$ cat work_35.csv   # CSV, C-alpha atoms
chain,number,residue,atom,x,y,z
A,1,MET,CA,119.4,82.9,59.2
A,2,LYS,CA,123.1,82.1,59.7
A,3,LYS,CA,123.7,80.0,62.7
A,4,ILE,CA,127.5,80.2,62.9
A,5,ILE,CA,129.5,83.4,62.6
A,6,THR,CA,133.3,83.3,62.5
A,7,ILE,CA,135.4,86.4,62.9
A,8,SER,CA,139.1,86.6,61.9
A,9,ARG,CA,140.7,89.8,62.7
A,10,GLU,CA,143.8,91.9,62.6
A,11,PHE,CA,145.1,92.7,66.1
A,12,GLY,CA,143.5,95.9,67.5
A,13,ALA,CA,140.9,96.1,64.8
A,14,GLY,CA,138.0,95.4,67.2
A,15,GLY,CA,137.1,91.8,66.1
A,16,GLY,CA,136.5,90.6,69.6
A,17,GLU,CA,134.3,93.6,70.5
A,18,ILE,CA,132.3,93.1,67.3
A,19,GLY,CA,131.9,89.4,68.0
A,20,GLN,CA,130.6,90.2,71.5
A,21,LYS,CA,128.1,92.8,70.2
A,22,ILE,CA,126.8,90.3,67.6
A,23,ALA,CA,126.5,87.5,70.1
A,24,GLU,CA,124.6,89.7,72.5
A,25,GLN,CA,122.2,91.1,69.8
A,26,LEU,CA,121.5,87.6,68.2
A,27,CYS,CA,121.5,85.8,71.6
A,28,PHE,CA,124.3,83.5,70.3
A,29,ARG,CA,127.0,81.9,72.4
A,30,TYR,CA,130.4,83.7,72.2
A,31,PHE,CA,133.7,81.9,72.0
A,32,ASP,CA,137.2,83.4,72.0
A,33,LYS,CA,139.8,82.8,74.7
A,34,GLU,CA,137.3,80.4,76.3
A,35,LEU,CA,138.3,77.9,73.6
A,36,ILE,CA,141.8,77.9,74.9
A,37,LEU,CA,140.7,76.6,78.3
A,38,LYS,CA,138.5,73.8,76.7
A,39,SER,CA,141.2,72.8,74.3
A,40,ALA,CA,143.9,72.7,77.0
A,41,LYS,CA,141.7,70.5,79.1
A,42,GLU,CA,141.0,68.2,76.1
A,43,ALA,CA,144.7,68.0,75.3
A,44,ASN,CA,145.6,67.5,79.0
A,45,VAL,CA,147.8,70.6,79.1
A,46,SER,CA,147.9,73.5,81.5
A,47,PRO,CA,146.1,76.7,80.2
A,48,GLU,CA,149.3,78.6,80.7
A,49,LYS,CA,151.2,76.3,78.4
A,50,PHE,CA,148.4,76.5,75.9
A,51,LEU,CA,148.5,80.3,75.8
A,52,LYS,CA,152.1,80.0,74.8
A,53,PHE,CA,151.0,78.3,71.6
A,54,ASP,CA,147.7,80.2,71.0
A,55,GLU,CA,147.4,81.3,67.4
A,56,LYS,CA,151.1,80.6,66.7
A,57,ALA,CA,152.6,78.3,64.2
A,58,PRO,CA,155.1,75.7,65.5
A,59,LYS,CA,158.7,76.9,65.7
A,60,LEU,CA,159.9,73.5,64.5
A,61,PHE,CA,157.5,72.2,61.9
A,62,GLY,CA,158.0,68.5,62.6
A,63,PHE,CA,157.7,67.3,59.0
A,64,THR,CA,158.7,63.8,60.0
A,65,GLN,CA,155.7,63.4,62.3
A,66,SER,CA,152.2,62.7,61.2
A,67,LEU,CA,149.4,65.1,62.1
A,68,PHE,CA,147.2,62.1,62.8
A,69,ASP,CA,149.6,60.5,65.3
A,70,LEU,CA,148.4,62.7,68.2
A,71,TYR,CA,150.4,60.9,70.9
A,72,ASN,CA,153.8,61.4,69.2
A,73,ALA,CA,153.0,64.7,67.5
A,74,PRO,CA,154.6,67.8,68.9
A,75,LEU,CA,152.6,69.6,71.6
A,76,ASP,CA,151.6,72.5,69.4
A,77,GLU,CA,150.1,70.0,66.9
A,78,ARG,CA,148.1,68.2,69.6
A,79,LEU,CA,146.8,71.5,70.9
A,80,PHE,CA,145.6,72.6,67.5
A,81,GLU,CA,143.9,69.3,67.0
A,82,ALA,CA,142.1,69.6,70.3
A,83,GLN,CA,141.0,73.1,69.5
A,84,ARG,CA,139.9,72.0,66.0
A,85,THR,CA,137.8,69.2,67.5
A,86,ILE,CA,136.1,71.6,70.0
A,87,ILE,CA,135.4,74.2,67.3
A,88,ARG,CA,133.7,71.6,65.1
A,89,GLU,CA,131.6,70.4,68.1
A,90,ILE,CA,130.6,74.0,68.8
A,91,GLY,CA,129.7,74.5,65.1
A,92,GLU,CA,127.5,71.4,65.2
A,93,HIS,CA,125.4,72.9,67.9
A,94,ALA,CA,125.4,76.3,66.1
A,95,ASN,CA,124.0,79.7,67.2
A,96,CYS,CA,127.5,80.9,68.0
A,97,VAL,CA,130.1,83.5,67.2
A,98,ILE,CA,133.7,82.3,67.2
A,99,VAL,CA,136.5,84.8,67.1
A,100,GLY,CA,139.9,83.7,65.7
A,101,ARG,CA,141.6,80.3,65.9
A,102,ASN,CA,141.1,79.6,62.1
A,103,ALA,CA,137.4,78.9,62.7
A,104,ASN,CA,136.5,80.1,59.2
A,105,SER,CA,138.7,77.3,57.7
A,106,ILE,CA,137.7,74.7,60.2
A,107,LEU,CA,134.0,75.3,59.7
A,108,LYS,CA,134.1,76.2,56.0
A,109,GLU,CA,131.9,73.3,54.9
A,110,PHE,CA,129.2,74.0,57.5
A,111,ASP,CA,125.9,75.2,56.2
A,112,ASN,CA,124.4,78.4,57.5
A,113,SER,CA,127.7,80.0,58.4
A,114,LEU,CA,129.1,83.5,57.8
A,115,HIS,CA,132.8,84.0,57.8
A,116,VAL,CA,134.1,87.6,58.4
A,117,PHE,CA,137.4,89.3,58.3
A,118,ILE,CA,137.9,92.5,60.3
A,119,HIS,CA,140.8,94.8,59.5
A,120,ALA,CA,141.7,98.5,60.1
A,121,ASP,CA,144.2,101.1,59.3
A,122,PRO,CA,147.4,100.5,61.3
A,123,TYR,CA,147.4,104.0,62.9
A,124,TRP,CA,143.7,103.6,63.9
A,125,ARG,CA,144.6,100.3,65.6
A,126,LEU,CA,147.5,101.8,67.3
A,127,GLN,CA,145.4,104.7,68.7
A,128,ARG,CA,142.6,102.3,69.8
A,129,LEU,CA,145.0,100.0,71.6
A,130,LYS,CA,146.7,103.0,73.3
A,131,LYS,CA,143.4,104.2,74.5
A,132,GLU,CA,141.7,101.0,75.5
A,133,LYS,CA,144.2,98.2,76.2
A,134,MET,CA,147.8,99.4,76.3
A,135,PRO,CA,147.8,102.9,77.8
A,136,GLU,CA,151.2,102.6,79.5
A,137,ALA,CA,153.0,101.5,76.2
A,138,THR,CA,154.7,103.8,73.8
A,139,GLU,CA,153.5,104.1,70.2
A,140,GLN,CA,156.6,102.2,69.0
A,141,GLU,CA,155.9,99.4,71.5
A,142,ILE,CA,152.3,99.1,70.4
A,143,SER,CA,153.3,99.2,66.6
A,144,GLU,CA,155.8,96.4,67.2
A,145,HIS,CA,153.2,94.4,69.1
A,146,ILE,CA,150.7,94.9,66.3
A,147,ARG,CA,153.2,93.7,63.7
A,148,SER,CA,154.2,90.8,65.9
A,149,VAL,CA,150.7,89.5,66.6
A,150,ASP,CA,149.6,89.9,63.0
A,151,LYS,CA,152.7,88.1,61.7
A,152,ALA,CA,152.1,85.2,64.2
A,153,ARG,CA,148.4,85.0,63.1
A,154,ARG,CA,149.4,84.9,59.4
A,155,LYS,CA,151.9,82.1,60.0
A,156,TYR,CA,149.5,80.2,62.2
A,157,CYS,CA,146.8,80.4,59.5
A,158,THR,CA,149.1,79.4,56.7
A,159,TYR,CA,150.6,76.5,58.6
A,160,TYR,CA,147.4,74.9,59.8
A,161,THR,CA,144.9,75.7,57.0
A,162,ASP,CA,146.9,76.2,53.8
A,163,THR,CA,145.1,79.5,53.4
A,164,GLU,CA,146.2,83.1,53.7
A,165,PHE,CA,145.2,85.3,56.6
A,166,GLY,CA,143.2,88.3,55.6
A,167,VAL,CA,142.8,87.3,51.9
A,168,ALA,CA,139.2,88.0,50.8
A,169,GLN,CA,138.6,84.7,49.0
A,170,TYR,CA,138.7,82.9,52.3
A,171,TYR,CA,135.9,84.9,53.9
A,172,ASP,CA,132.3,85.8,52.9
A,173,VAL,CA,132.8,89.5,53.8
A,174,CYS,CA,135.7,91.8,54.8
A,175,LEU,CA,135.0,94.9,56.8
A,176,CYS,CA,137.3,97.9,57.8
A,177,THR,CA,136.6,99.2,61.3
A,178,SER,CA,138.7,102.3,60.7
A,179,THR,CA,136.4,103.3,57.9
A,180,LEU,CA,133.0,102.0,59.2
A,181,GLY,CA,133.4,101.9,62.9
A,182,VAL,CA,133.0,99.0,65.3
A,183,ASP,CA,129.2,99.5,65.8
A,184,THR,CA,128.5,99.8,62.0
A,185,CYS,CA,130.5,96.6,61.3
A,186,ALA,CA,128.6,94.7,64.0
A,187,ASP,CA,125.3,96.0,62.5
A,188,ILE,CA,126.3,94.9,59.0
A,189,ILE,CA,127.2,91.4,60.2
A,190,ILE,CA,124.0,91.1,62.1
A,191,GLN,CA,122.0,92.1,59.0
A,192,LEU,CA,123.9,89.6,56.8
A,193,ALA,CA,123.4,86.9,59.4
A,194,LYS,CA,119.6,87.5,59.4
A,195,GLN,CA,119.3,87.0,55.6

$ encode --input "work_35.csv" --output "structure tokens"
Amino acid sequence: MKKIITISREFGAGGGEIGQKIAEQLCFRYFDKELILKSAKEANVSPEKFLKFDEKAPKLFGFTQSLFDLYNAPLDERLFEAQRTIIREIGEHANCVIVGRNANSILKEFDNSLHVFIHADPYWRLQRLKKEKMPEATEQEISEHIRSVDKARRKYCTYYTDTEFGVAQYYDVCLCTSTLGVDTCADIIIQLAKQ
């Protein structure tokens, strides 16, 4: 049985909901935004400031500074390192579902792990967000928000992991919620985890 499940996801594709369903069914611990609070505390930064950098690449890349010099590194680098440390600690204790935050790359060498990418048709995501999370927004605003969040996640992934967000070779399985549905995707992942 897989003890660690990471879920990377396009914005609005249902990755968080799927992660929660899996954690509940398998009695695993679930981590998503909770990691932000732990990482912020670890880096001695307010959670509000941490949210500003969550899943975003630095605006200035700071090539002259070492990633290993955490005291002189830019704030966003320190925050990522704190988050990376916490994700590895969580992975060492296993029986967890971690959504986002490049956990698939951070935990790639961990045994008994399953790395999943969740994606969906843009129109399906737009309709889902309109119905469930952004009912007051226009379709244009939602579309722009989807593009913006996905772009930020791609840049964040490339900058910190040297991989490409959503490219199949960096995951064990990729599932499309607009084709399969959220519940079916969760069931497939649970079955794969039990193997």

$ closest_residue --input "work_35.csv" --among "A:Arg128, A:His115, A:Lys133, A:Arg84" --to "A:Val97" --atoms "all atoms listed in the file"
A:His115

$ atom_distance --input "work_35.csv" --atom1 "atom CA of A:Thr163" --atom2 "atom CA of A:Val149"
17.5 Å

$ closest_residue --input "work_35.csv" --among "A:Phe11, A:Tyr159, A:Phe80, A:Tyr170" --to "A:Ile118" --atoms "all atoms listed in the file"
A:Phe11

$ closest_residue --input "work_35.csv" --among "A:Gln20, A:Gln169, A:Ser8, A:Gln195" --to "A:Arg154" --atoms "only C-alpha atoms"
A:Ser8

$ residues_around --input "work_35.csv" --residues "A:Asn102" --least-positions-apart "6" --cutoff "12 Å" --atoms "only C-alpha atoms" --output "MDAnalysis selection string"
chainID A and resid 6:9 32 35 54:57 80:81 83:84 87:88 108 115:117 153:166 170:171

$ atom_distance --input "work_35.csv" --atom1 "atom CA of A:Phe28" --atom2 "atom CA of A:Asn95"
4.9 Å

$ atom_distance --input "work_35.csv" --atom1 "atom CA of A:Ala103" --atom2 "atom CA of A:Leu126"
25.4 Å

$ closest_residue --input "work_35.csv" --among "A:Leu79, A:Leu107, A:Ile90, A:Cys176" --to "A:Tyr30" --atoms "all atoms listed in the file"
A:Ile90

$ closest_residue --input "work_35.csv" --among "A:Thr138, A:Gln191, A:Ser113, A:Ile98" --to "A:Ala23" --atoms "all atoms listed in the file"
A:Ile98

$ closest_residue --input "work_35.csv" --among "A:Ala120, A:Ala94, A:Ala152, A:Leu26" --to "A:Cys185" --atoms "all atoms listed in the file"
A:Ala120

$ residues_near_point --input "work_35.csv" --point "(134.0, 102.6, 58.0)" --cutoff "12 Å" --atoms "only C-alpha atoms" --output "VMD selection string"
chain A and resid 13 118 to 121 124 174 to 188
